[in-house]
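Heads up: the structure comes next, in C-alpha cells.
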There are 4 protein chains.
Amino acid sequence: MESLIMLLAAHPQRSPNTGLIEACAAACYSCGSTCAACADACLGEAHVAELVCCIRTCLDCSDVCLATARVVSRLTQPSPMLVEAQLMACAEACRICASECDAHAGMHAHCRVCGAACRACEQACRELLHGKSMS
Amino acid sequence: MESLIMLLAAHPQRSPNTGLIEACAAACYSCGSTCAACADACLGEAHVAELVCCIRTCLDCSDVCLATARVVSRLTQPSPMLVEAQLMACAEACRICASECDAHAGMHAHCRVCGAACRACEQACRELLHGKSMS
Amino acid sequence: MESLIMLLAAHPQRSPNTGLIEACAAACYSCGSTCAACADACLGEAHVAELVCCIRTCLDCSDVCLATARVVSRLTQPSPMLVEAQLMACAEACRICASECDAHAGMHAHCRVCGAACRACEQACRELLHGKSMS
Amino acid sequence: MESLIMLLAAHPQRSPNTGLIEACAAACYSCGSTCAACADACLGEAHVAELVCCIRTCLDCSDVCLATARVVSRLTQPSPMLVEAQLMACAEACRICASECDAHAGMHAHCRVCGAACRACEQACRELLHGKSMS
C-alpha cells in the first residue's frame with residue numbers, strides 16, 4: 001500500500017487527521033485482499049465441508065473491507081455519517097471473521113494469517129471512528 | 001434481477017423470510033448500479049464543478065450497495081450481526097445519497113432517477129432489518 | 001435494472017448506440033449478481049466438495065462481470081480499447097462459467113439458472129463488441 | 001500486501017510459479033487502490049473540469065484491477081483462459097490509465113504516483129501472462 005499512501009500524501013484535500021485515514025484504508029485493503037485469498041485457501045483444503053462457515057464469512061468480510069477501503073480513502077467532501085456507519089459495519093465484519101478464522105488457526109496457517117489481518121483492520125476502523133492517534 | 005430471484009428460489013438454504021432478503025438484494029444491486037452510472041452522468045455534465053459532492057456521494061453509495069447486495073444474497077450460514085451492521089451502513093449511505101441527488105433533481109433527470117433508487121434501497125434495507133413484510 | 005436503464009436514458013453523453021450498451025450493462029449486473037449467489041448456493045449443498053471448481057469459477061465470473069458492468073455503463077469519455085479488452089475478458093469468463101454450471105444443471109437448479117445468465121451475458125458482451133443490433 | 005503474501009505462502013494449492021502470481025496480485029491491489037484515490041484527488045482539484053477523462057479512466061482502471069487481483073490470487077482450480085483474458089484486459093486498462101495520468105504528471109503529483117502504479121501493474125500482468133521470472 002506504499003503507492004496509496006504516496007497518493008494520499010499528494011491529495012489536494014488532505015487534512016491534519018489524514019494519518020488515521022491512511023492507516024485505516026491500508027488495513028482495509030490488506031484485510032479485504034487477505035480474506036478473499038483465505039476463502040480460496042479454505043476452498044482448496046481437503047476437508048472443505050468443515051470450512052463452509054469460514055469461507056462464507058471471509059467472502060463477506062472481503063466485500064465489506066474493500067468497499068470500506070474505497071469510502072475511507074476518498075478525501076474529497078466526505079459524508080461523516082456515511083463514513084462512520086461503514087466503519088462500524090467493517091469493524092463488526094472483521095471482529096466476526098477474526099473469531100471464525102481463529103477457530104481454525106491451529107489447523108490452517110492461512111486462517112491464522114487471516115485472523116490477524118482481521119483484528120488489525122478492526123482496530124484501525126475503531127481508531128479512525130474514535131479519532132485516536134496510532135502513534 | 002429476474003435471474004438472481006430465480007437463483008435464490010433454487011438455493012438449498014432458502015428459508016421462510018427469503019422474500020425480504022430477495023427484495024433487499026435486488027434493491028441493493030439496482031441502487032449500486034444506478035449510483036455508479038449517476039456519478040458518471042454528473043461527470044459528463046458541463047457544470048461538473050458544481051456536482052463534485054454528488055459524484056463523491058454516488059461513488060460511495062455504489063460501493064456500499066454492491067457490497068451489501070452480495071452479503072445479503074448469501075443464504076448459507078449468515079452472521080446476523082454482520083448482516084445487520086452492513087444493512088445499517090447501507091441504509092445510511094442511501095439516505096445521504098438520496099438527499100444529495102434530490103438537491104439536483106430539478107436540474108438533472110439522472111439525479112432524480114438516482115434519488116428514487118436510493119430511497120427504495122434505504123426502505124428495503126430497513127424492512128429487512130426490522131423483518132417487516134413488504135406485501 | 002429498470003432504474004439503471006432510466007438513468008442511462010437521462011445521461012448527458014448518451015449516444016445512438018447506447019441501446020447495446022444498456023443491454024450489456026444490464027446483462028453484466030444480472031450475471032454478476034447471479035454468479036455470486038450461485039457460489040453461495042453451491043457452498044450450501046451437502047456435497048460441497050464436488051462443487052469446488054464451480055464455486056471458484058462463479059466467484060471469478062461474478063467479480064469480472066461486476067467490474068465490466070461498471071466500465072460499460074460509464075458513457076463519459078470512454079476508452080474504446082479498454083472497454084473492448086474488458087468485454088473480451090467478460091465474454092470469456094461467462095463462457096467458461098456457463099460450461100462449468102451446465103455440467104451440474106441436471107443436479108442443481110441454481111446451476112441451471114446461473115448457466116443461462118452466463119450465456120446471456122456472454123452474448124450481450126459479444127454483441128456490444130461487434131456492434132450488432134439485438135432487435 | 002504483506003498479509004496477502006503470507007496468506008498465499010500458506011495456501012494448500014500453492015504451486016512453483018506462485019511467485020509471479022503473488023507479485024501480480026499485489027500490484028493489482030496496489031494499482032486498484034491508487035487509481036480509486038487518484039480519481040478522488042482529481043475530483044478535489046480546483047480545475048476538475050479539465051480532469052474528467054482522468055477521473056473516468058482511473059475509475060475504470062480501479063474496477064478492473066481489483067477484479068483482476070481477486071481472480072489472480074485464487075489458486076484453487078483456476079481456469080487458465082479466464083485468468084489470461086482478465087490479465088490482458090488489466091494490462092490494457094493500466095497502459096491507458098498510465099498514459100492519461102502521465103499527461104498531468106507535471107501538474108499533479110497524485111497523477112505521477114498513479115501513473116507509476118499503473119505501469120508497475122501493467123508490467124506485473126504481462127510478466128505473469130508470459131511466465132517470466134521477475135528476479
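Following the order of the C-alpha cells, chains are lettered A, B, ..., residues in each are numbered from 1, and ligands are numbered from 1.
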
Distance filter 8 Å, only C-alpha atoms, chain D against chain C, as a list in words: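 Filtering chain D at 8 Å from chain C with only C-alpha atoms gives Val52, Cys53, Arg56, Thr57, Asp60, Asp63, Val64, Ala67, Thr68, Arg70, Val71, Arg74, Thr76, Gln77, Pro78, Ser79, Met81, Leu82, Ala85, Gln86, Met88, Ala89, Cys90, Glu92, Ala93 and Ile96 of chain D.
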
All alpha helix (DSSP H) residues (DSSP, backbone) inside chain A, as a ChimeraX atom specification: /A:2-9,18-43,52-73,80-102,109-130

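We find atom CA of Val113 of chain B and atom CA of Gly44 of chain B to be spaced 16.1 Å apart.
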
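Residues lying within 10 Å of Cys42 of chain D, counting only C-alpha atoms and ignoring same-chain neighbours fewer than 2 positions away, are A:His11, A:Pro12, A:Gln13, A:Thr76, D:Ala37, D:Cys38, D:Ala39, D:Asp40, D:Gly44, D:Glu45, D:Ala46, D:His47, D:Val48, D:Ala49, D:Glu50, D:Leu51, D:Val52, D:Cys54, D:Ile55, D:Cys58, D:His108, D:His110, D:Cys111.
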
Output the selection as a short mmCIF file (atom, residue, chain, number, x, y, z; two decimals), in the first residue's frame - N, CA, C and O atoms for each residue.
```cif
data_model
loop_
_atom_site.label_atom_id
_atom_site.label_comp_id
_atom_site.auth_asym_id
_atom_site.auth_seq_id
_atom_site.Cartn_x
_atom_site.Cartn_y
_atom_site.Cartn_z
N HIS A 11 -2.70 14.42 -2.10
CA HIS A 11 -4.12 14.72 -2.35
C HIS A 11 -4.42 16.19 -2.01
O HIS A 11 -4.01 16.68 -0.97
N PRO A 12 -5.14 16.89 -2.89
CA PRO A 12 -5.40 18.33 -2.65
C PRO A 12 -6.29 18.59 -1.42
O PRO A 12 -6.29 19.71 -0.92
N GLN A 13 -7.03 17.60 -0.97
CA GLN A 13 -7.95 17.81 0.16
C GLN A 13 -7.41 17.16 1.44
O GLN A 13 -8.18 16.89 2.38
N THR A 76 -12.25 13.85 -0.65
CA THR A 76 -12.98 15.00 -1.18
C THR A 76 -14.44 14.99 -0.72
O THR A 76 -15.19 14.07 -1.08
N ALA D 37 -8.13 6.31 -5.43
CA ALA D 37 -7.76 7.53 -4.71
C ALA D 37 -7.37 8.65 -5.66
O ALA D 37 -7.60 9.83 -5.36
N CYS D 38 -6.80 8.33 -6.83
CA CYS D 38 -6.43 9.37 -7.80
C CYS D 38 -7.70 9.99 -8.41
O CYS D 38 -7.75 11.20 -8.62
N ALA D 39 -8.70 9.17 -8.68
CA ALA D 39 -9.97 9.71 -9.17
C ALA D 39 -10.52 10.71 -8.16
O ALA D 39 -11.00 11.80 -8.53
N ASP D 40 -10.44 10.38 -6.89
CA ASP D 40 -10.94 11.27 -5.84
C ASP D 40 -10.07 12.51 -5.71
O ASP D 40 -10.58 13.62 -5.48
N GLY D 44 -11.06 16.52 -6.31
CA GLY D 44 -10.83 17.55 -5.31
C GLY D 44 -10.00 18.72 -5.80
O GLY D 44 -9.73 19.66 -5.06
N GLU D 45 -9.58 18.67 -7.07
CA GLU D 45 -8.80 19.78 -7.64
C GLU D 45 -9.71 20.93 -8.07
O GLU D 45 -10.86 20.70 -8.47
N ALA D 46 -9.17 22.14 -8.01
CA ALA D 46 -9.96 23.33 -8.39
C ALA D 46 -10.42 23.25 -9.85
O ALA D 46 -11.54 23.62 -10.17
N HIS D 47 -9.55 22.72 -10.72
CA HIS D 47 -9.91 22.68 -12.15
C HIS D 47 -10.41 21.29 -12.54
O HIS D 47 -9.90 20.67 -13.47
N VAL D 48 -11.41 20.81 -11.83
CA VAL D 48 -11.91 19.44 -12.04
C VAL D 48 -12.37 19.21 -13.47
O VAL D 48 -12.22 18.10 -14.00
N ALA D 49 -12.91 20.24 -14.13
CA ALA D 49 -13.46 20.06 -15.48
C ALA D 49 -12.39 19.59 -16.47
O ALA D 49 -12.70 18.92 -17.45
N GLU D 50 -11.12 19.93 -16.18
CA GLU D 50 -10.03 19.53 -17.08
C GLU D 50 -9.58 18.10 -16.82
O GLU D 50 -8.74 17.55 -17.54
N LEU D 51 -10.11 17.51 -15.75
CA LEU D 51 -9.64 16.18 -15.34
C LEU D 51 -10.71 15.10 -15.50
O LEU D 51 -10.57 13.99 -14.99
N VAL D 52 -11.77 15.42 -16.23
CA VAL D 52 -12.89 14.49 -16.38
C VAL D 52 -12.43 13.16 -16.98
O VAL D 52 -12.78 12.08 -16.49
N CYS D 54 -9.44 11.88 -16.93
CA CYS D 54 -8.56 11.19 -15.99
C CYS D 54 -9.38 10.50 -14.89
O CYS D 54 -9.07 9.36 -14.51
N ILE D 55 -10.41 11.17 -14.40
CA ILE D 55 -11.27 10.57 -13.36
C ILE D 55 -11.93 9.30 -13.89
O ILE D 55 -11.92 8.26 -13.25
N CYS D 58 -9.39 6.49 -14.39
CA CYS D 58 -8.96 5.95 -13.09
C CYS D 58 -10.05 5.07 -12.47
O CYS D 58 -9.74 4.03 -11.86
N HIS D 108 0.12 17.55 -11.40
CA HIS D 108 -0.46 16.93 -10.21
C HIS D 108 0.39 15.75 -9.75
O HIS D 108 0.49 14.74 -10.46
N HIS D 110 -0.30 13.56 -7.59
CA HIS D 110 -1.06 12.31 -7.46
C HIS D 110 -1.16 11.58 -8.80
O HIS D 110 -1.15 10.34 -8.82
N CYS D 111 -1.22 12.31 -9.90
CA CYS D 111 -1.24 11.64 -11.20
C CYS D 111 0.12 10.99 -11.50
O CYS D 111 0.18 9.93 -12.14
#
```
